[in-house]
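J.: This is the structure, below, for whatever I ask next.
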Amino acid sequence: MATPPLRELVYTAESPMRRPALLVAAMLRDLWAARELAWRLFVRDLSSQYRQSVLGYFWAFVPPLLAALPWVFLNQQNIINVGPTGIPYPAFVMTGTMLWQTLIDAMNGPLRQTSAAKPMLAKIRFPREALLLAGLAGTGWNLLIRMSLLVPVLAYYGVRPSAMMLWAPLGLVAVVLLGYSVGLLLTPLGLLYNDVGRGMTVIAGFGMLLTPVVYPPPSSGIGGFLASWNPASPVVVVTRDWLTGQDPTATRVTAADFRDVRSLARKLAAQADPASATLWEVMSAEGRGVITRFLSDELTAAEAGPLVATALNRILETTALRGRPGFGPAVAGANAGVEEEAGRAQRRLLDAALVPELVGYRRDRFAVGFWVVLASSVVGLGVGWVAYRVAMPILIERMGG
Amino acid sequence: MSEVLIQVEHVSKRFCRSLRRSLWYGLCEMTRDVLGRPMSVNDLRRDEFWAVHDVSFELRRGECLALIGHNGAGKTTLLKILNGLVKPDRGRVTLRGRVGALIALGAGFNPILTGRENVYINGAILGLTRREIDASVRGIIEFAEIDEFIDSPVQTYSSGMQVRLGFAISTALQPDILLLDEVLAVGDAAFRAKCYARIGSLLSTTGILFVSHDMNHIAQVADRAVHLRRGSVAVEGEPLKAITSYLEDAASARGGSRAVERLSAPVVGYALEANTVLQRGAGPFRARLTVESTAEVRDALLRLVVSDDAQVAIAEWNSAAAGRTVHLQAGRNEFEIDLGQPIFREGNYALDVYLYDHTHLHPLVYVRNKHGLRVAGTGRFPSPILLTPPTTVS
């Protein structure tokens, strides 16, 4: 009888890590074998999720909207003021909460999916990769729903399409990967101890406030430190830039630059030295008014932007007077230093190109952070997958059923 | 000799009694395995015991091996190890060919989805491709006899219907190895018979390993049996040998602890003498019952019941059927009863005594599970009852 040789399965106590080549081969084989089952599990989860409800897909769309609304409300009522955001705040906060929800969704996915499959795992042998793939597909589906909500919101608030948006899919992949790899690494532990699941719920709520989700990243203080070292920050910030058509690597005016202009204006207004006094005297009344308002601190960040530009223009106009007849060499000499300082500040503002959209942080460090986090997530995903496979028999033993 | 499909070599598995400690050991083992450290499992850690200890056996194609043992003897654990769900702590398991396992029927059924949708999901879980399921879905529905319900949600199914559907899907796999855990305990008799027929038809191409508590079934179907006692192999070989060993354990486990003895007025004492070791198909099988009563009972009914290991009555001597009137005098009464020949299968039984006041339908003596009875024999006749009429047919 010409039958093909039978596939042989061997189970021993030995750790599969002792034979890495076999392990990797088995992982890839199971991943391939799992796709059909993964698809079925995904469709099953999806259809059973909405079948026993009257409102159906309504529930898919409402929570993402509701998550952003309180922040928009608080901001509109001036209860919280997060500073300049570059785009209208509702669009900003909606993008942020959507990304955060996707991150948390991806992070909870593997543990939730595996816990729900416990009775199946304890009794039936099937490629476990199917659970992971089905969970990932579920996260992707939720992401699609959120995106379909976000696009009209962004359009409504006047965010224009730009080439930067082509990067957005990569950003979304990074968000999902970060959440998913962290969740996957925690899953074996989480299946043993339910402390992990509870901890993840707490992080979902608390972590959102420690990440620049509803506010732009602060550049200093504890907030600045957290924004720099929290691995969720760069992926959220950079992906939000891409989604809203901004260039995350563009050189922007930093808070420090902003301070430069402010100190210059303050020096002139206070007439701190003879040169400033002379300049203040010869400056037009309008120029003096602009600078006074700029220094009054009664301005919102959005108003301050154009005002800074105008104030600088007035300063430069004044310093330009030195060549005119009627102004002595003393004035001319005093002007030289101020002119140089003001010119430097203005060039920086012009570099920023979008003067009215001054954003008080430097983003290029987030661009670097983004790639670091993306690479780490890919490594974490691989490690998590191996750990998940290796740990599964030990976990099943303790699942009961 | 056909090929070996399952090879179990010195397999051991330890379990922990304390949940908290079990989780901690799990964490240690996971860490060790993920880091690829070699293991050291020569000893039991605190609160542990061997759930399966040094078990070895083989199963060939066309063979049917029964796994018997008391609850907690390690049968299901062994099946889970064979199915790759749980890792052995020692030893080695080799499986050749496609494995079908019915460790739980209907696991993975989603109650909200329809039967048909669940057929596709469960088929995919068991490793069938879409095309294979398409080809066999008709047969599955027919076998499960749920034609008119197949497009209703599974939560509207009775448990029997779920079992039928699960069995039908699992056996559509055409496995080389079939692992069956007590799954047929549910389901009605007709469907069970159908399942046995299906198993029988698979047997020509398959090696079957099954767990059952139904000794009749094992005696009929199995080629060999393994009796597991607290994780270790007590007996391996002829099914009846293993069954006898299992039933002996059951008898000694029964002891006197589960005996029920209740006397009601006017009866104040009783005693039973009977030969406790009998030869199958051979006499004598006699009992002498002594009843002490403080008053006269004119019309009484006496039953002597032989019940098996599971306390199921399998034979009885009844005074009404024997045409004997039982009349209790005040004082001491003696009854001699000839029970004929033990025609039931070798094993351990109990002889139970029931004496009723027939007028008031009220039990006077109620003794269950107290008097052990052992039937010995050659073990060559697996049927539960051996017909040995006094005259042979000419």
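Simple scheme: letters A, B, ... for chains in structure tokens order, numbers from 1 for residues in each chain, numbers from 1 for ligands in the order shown.
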Do you have, as JSON lines, the list of residues of chain B lying at most 8 Å from chain A, each with its nearest atom pair and that distance in Å to one decimal, counting only C-alpha atoms and ordered by chain then number?
T.:
```
{"residue": "B:Ser22", "atom": "CA", "partner": "A:Arg398", "partner_atom": "CA", "distance": 7.6}
{"residue": "B:Leu23", "atom": "CA", "partner": "A:Leu192", "partner_atom": "CA", "distance": 6.1}
{"residue": "B:Gly26", "atom": "CA", "partner": "A:Ile394", "partner_atom": "CA", "distance": 6.2}
{"residue": "B:Leu27", "atom": "CA", "partner": "A:Leu189", "partner_atom": "CA", "distance": 7.4}
{"residue": "B:Glu29", "atom": "CA", "partner": "A:Ile394", "partner_atom": "CA", "distance": 7.3}
{"residue": "B:Met30", "atom": "CA", "partner": "A:Ala391", "partner_atom": "CA", "distance": 5.2}
{"residue": "B:Arg32", "atom": "CA", "partner": "A:Ser15", "partner_atom": "CA", "distance": 7.9}
{"residue": "B:Asp33", "atom": "CA", "partner": "A:Ser15", "partner_atom": "CA", "distance": 4.9}
{"residue": "B:Val34", "atom": "CA", "partner": "A:Ala387", "partner_atom": "CA", "distance": 5.8}
{"residue": "B:Leu35", "atom": "CA", "partner": "A:Met17", "partner_atom": "CA", "distance": 7.1}
{"residue": "B:Gly36", "atom": "CA", "partner": "A:Met17", "partner_atom": "CA", "distance": 4.7}
{"residue": "B:Arg37", "atom": "CA", "partner": "A:Ser15", "partner_atom": "CA", "distance": 7.2}
{"residue": "B:Pro38", "atom": "CA", "partner": "A:Glu14", "partner_atom": "CA", "distance": 7.0}
{"residue": "B:Met39", "atom": "CA", "partner": "A:Glu14", "partner_atom": "CA", "distance": 7.0}
{"residue": "B:Lys80", "atom": "CA", "partner": "A:Lys123", "partner_atom": "CA", "distance": 7.6}
{"residue": "B:Ile81", "atom": "CA", "partner": "A:Tyr11", "partner_atom": "CA", "distance": 7.8}
{"residue": "B:Leu82", "atom": "CA", "partner": "A:Tyr11", "partner_atom": "CA", "distance": 7.9}
{"residue": "B:Asn83", "atom": "CA", "partner": "A:Arg125", "partner_atom": "CA", "distance": 6.6}
{"residue": "B:Gly84", "atom": "CA", "partner": "A:Tyr11", "partner_atom": "CA", "distance": 6.7}
{"residue": "B:Leu85", "atom": "CA", "partner": "A:Pro393", "partner_atom": "CA", "distance": 5.7}
{"residue": "B:Val86", "atom": "CA", "partner": "A:Pro393", "partner_atom": "CA", "distance": 4.7}
{"residue": "B:Lys87", "atom": "CA", "partner": "A:Pro393", "partner_atom": "CA", "distance": 5.8}
{"residue": "B:Pro88", "atom": "CA", "partner": "A:Ala13", "partner_atom": "CA", "distance": 5.3}
{"residue": "B:Asp89", "atom": "CA", "partner": "A:Ala13", "partner_atom": "CA", "distance": 4.9}
{"residue": "B:Arg90", "atom": "CA", "partner": "A:Ala13", "partner_atom": "CA", "distance": 5.5}
{"residue": "B:Gly91", "atom": "CA", "partner": "A:Thr12", "partner_atom": "CA", "distance": 6.1}
{"residue": "B:Arg92", "atom": "CA", "partner": "A:Thr12", "partner_atom": "CA", "distance": 4.7}
{"residue": "B:Val93", "atom": "CA", "partner": "A:Tyr11", "partner_atom": "CA", "distance": 5.1}
{"residue": "B:Thr94", "atom": "CA", "partner": "A:Val10", "partner_atom": "CA", "distance": 4.5}
{"residue": "B:Leu95", "atom": "CA", "partner": "A:Leu9", "partner_atom": "CA", "distance": 5.0}
{"residue": "B:Arg96", "atom": "CA", "partner": "A:Glu8", "partner_atom": "CA", "distance": 4.5}
{"residue": "B:Gly97", "atom": "CA", "partner": "A:Leu6", "partner_atom": "CA", "distance": 4.6}
{"residue": "B:Arg98", "atom": "CA", "partner": "A:Arg7", "partner_atom": "CA", "distance": 7.3}
{"residue": "B:Ala101", "atom": "CA", "partner": "A:Ile124", "partner_atom": "CA", "distance": 7.4}
{"residue": "B:Ile103", "atom": "CA", "partner": "A:Lys123", "partner_atom": "CA", "distance": 5.8}
{"residue": "B:Ala104", "atom": "CA", "partner": "A:Lys123", "partner_atom": "CA", "distance": 6.0}
{"residue": "B:Ala107", "atom": "CA", "partner": "A:Met120", "partner_atom": "CA", "distance": 5.5}
{"residue": "B:Gly108", "atom": "CA", "partner": "A:Met120", "partner_atom": "CA", "distance": 5.4}
{"residue": "B:Asn110", "atom": "CA", "partner": "A:Arg44", "partner_atom": "CA", "distance": 7.9}
{"residue": "B:Ile112", "atom": "CA", "partner": "A:Ser48", "partner_atom": "CA", "distance": 6.0}
{"residue": "B:Leu113", "atom": "CA", "partner": "A:Ser48", "partner_atom": "CA", "distance": 6.5}
{"residue": "B:Tyr120", "atom": "CA", "partner": "A:Arg40", "partner_atom": "CA", "distance": 7.8}
{"residue": "B:Ile121", "atom": "CA", "partner": "A:Arg40", "partner_atom": "CA", "distance": 5.9}
{"residue": "B:Ala124", "atom": "CA", "partner": "A:Leu37", "partner_atom": "CA", "distance": 5.1}
{"residue": "B:Ile125", "atom": "CA", "partner": "A:Phe126", "partner_atom": "CA", "distance": 5.6}
{"residue": "B:Leu126", "atom": "CA", "partner": "A:Phe126", "partner_atom": "CA", "distance": 6.5}
{"residue": "B:Gly127", "atom": "CA", "partner": "A:Phe126", "partner_atom": "CA", "distance": 7.2}
{"residue": "B:Thr129", "atom": "CA", "partner": "A:Glu36", "partner_atom": "CA", "distance": 7.5}
{"residue": "B:Arg130", "atom": "CA", "partner": "A:Glu36", "partner_atom": "CA", "distance": 7.8}
```
J.: Could you give me, as a PyMOL selection string, each residue of range 108-244 of chain A that DSSP assigns to helix (DSSP H, G or I) when run on this structure's backbone?
T.: chain A and resi 108-116+118-123+129-156+163-192+195-210+221-229+232-243
J.: Need the shell around Phe92 in chain A: protein/DNA/RNA residues with any atom at most 8 Å away, counting only C-alpha atoms. Skip same-chain ones fewer than 5 positions apart. Format as a list in words?
T.: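 Counting only C-alpha atoms, the residues come to Thr85, Ile87, Val214 and Arg240 of chain A.
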J.: Okay, now the selection with all heavy atoms, as a short mmCIF file (atom, residue, chain, number, x, y, z; two decimals), in the first residue's frame?
T.:
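Saved file selection.cif follows:
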```cif
data_model
loop_
_atom_site.label_atom_id
_atom_site.label_comp_id
_atom_site.auth_asym_id
_atom_site.auth_seq_id
_atom_site.Cartn_x
_atom_site.Cartn_y
_atom_site.Cartn_z
N THR A 85 -2.47 73.10 20.19
CA THR A 85 -2.49 71.72 19.73
C THR A 85 -2.26 71.60 18.23
O THR A 85 -2.25 70.49 17.70
CB THR A 85 -3.82 71.05 20.07
OG1 THR A 85 -4.88 71.88 19.60
CG2 THR A 85 -3.97 70.82 21.56
N ILE A 87 -3.97 71.63 15.68
CA ILE A 87 -5.23 71.48 14.96
C ILE A 87 -6.34 71.74 15.97
O ILE A 87 -6.08 71.73 17.17
CB ILE A 87 -5.38 70.06 14.35
CG1 ILE A 87 -5.16 69.01 15.44
CG2 ILE A 87 -4.41 69.84 13.20
CD1 ILE A 87 -5.55 67.62 15.01
N VAL A 214 -4.67 63.49 25.44
CA VAL A 214 -5.64 64.59 25.34
C VAL A 214 -4.94 65.94 25.46
O VAL A 214 -5.59 66.96 25.48
CB VAL A 214 -6.74 64.46 26.41
CG1 VAL A 214 -7.55 63.21 26.18
CG2 VAL A 214 -6.15 64.47 27.80
N ARG A 240 -0.42 60.47 15.62
CA ARG A 240 -1.43 61.53 15.55
C ARG A 240 -1.01 62.59 14.54
O ARG A 240 -1.84 63.08 13.78
CB ARG A 240 -1.64 62.15 16.93
CG ARG A 240 -2.65 63.30 16.89
CD ARG A 240 -3.09 63.72 18.25
NE ARG A 240 -1.94 63.92 19.13
CZ ARG A 240 -1.98 63.75 20.44
NH1 ARG A 240 -3.11 63.42 21.03
NH2 ARG A 240 -0.91 63.93 21.18
#
```
J.: Need to verify the contact set: Phe191 in chain B, 12 Å, only C-alpha atoms, exclusion of same-chain residues closer than 2 positions in sequence. Can you return it as a list in words?
T.: Phe143, Ala144, Glu145, Gly160, Met161, Val163, Arg164, Leu165, Phe167, Ala168, Leu184, Ala185, Val186, Gly187, Asp188, Ala189, Ala193, Lys194, Cys195, Tyr196, Ala197 and Arg198 of chain B
J.: Take CA of Ile141 in chain B and CA of Ile169 in chain B and report the distance between them in Å, one decimal.
T.: 8.8 Å
J.: Which of these residues is nearest to Gly347 in chain B, using only C-alpha atoms: B:Leu247, B:Leu387, B:Leu263, B:Val277?
T.: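 Distance minimum relative to Gly347 in chain B lands on B:Leu247.
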J.: What does the distance from CA of Asn142 in chain A to CA of Gly123 in chain B come to in Å, to one decimal?
T.: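 CA of Gly123 in chain B lies at a distance of 26.9 Å from CA of Asn142 in chain A.
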J.: Taking only range 88-119 of chain B into account, list the residues labelled strand (DSSP E) by DSSP (computed from the backbone), as an NGL selection string.
T.: :B and (90-96 or 99-102)
J.: Please provide as a list in words all residues within 12 Å of Ala315 in chain B, with the sequence filter that same-chain residues fewer than 5 positions apart are discarded (counting only C-alpha atoms).
T.: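 Within the cut-off, the hits are Arg303, Leu304, Val305, Val306, Ser307, Asp308, Leu339, Gly340, Gln341, Pro342, Ile343, Phe344, Arg345, Tyr349, Ala350, Leu351, Asp352, Pro384 and Ile385 of chain B.
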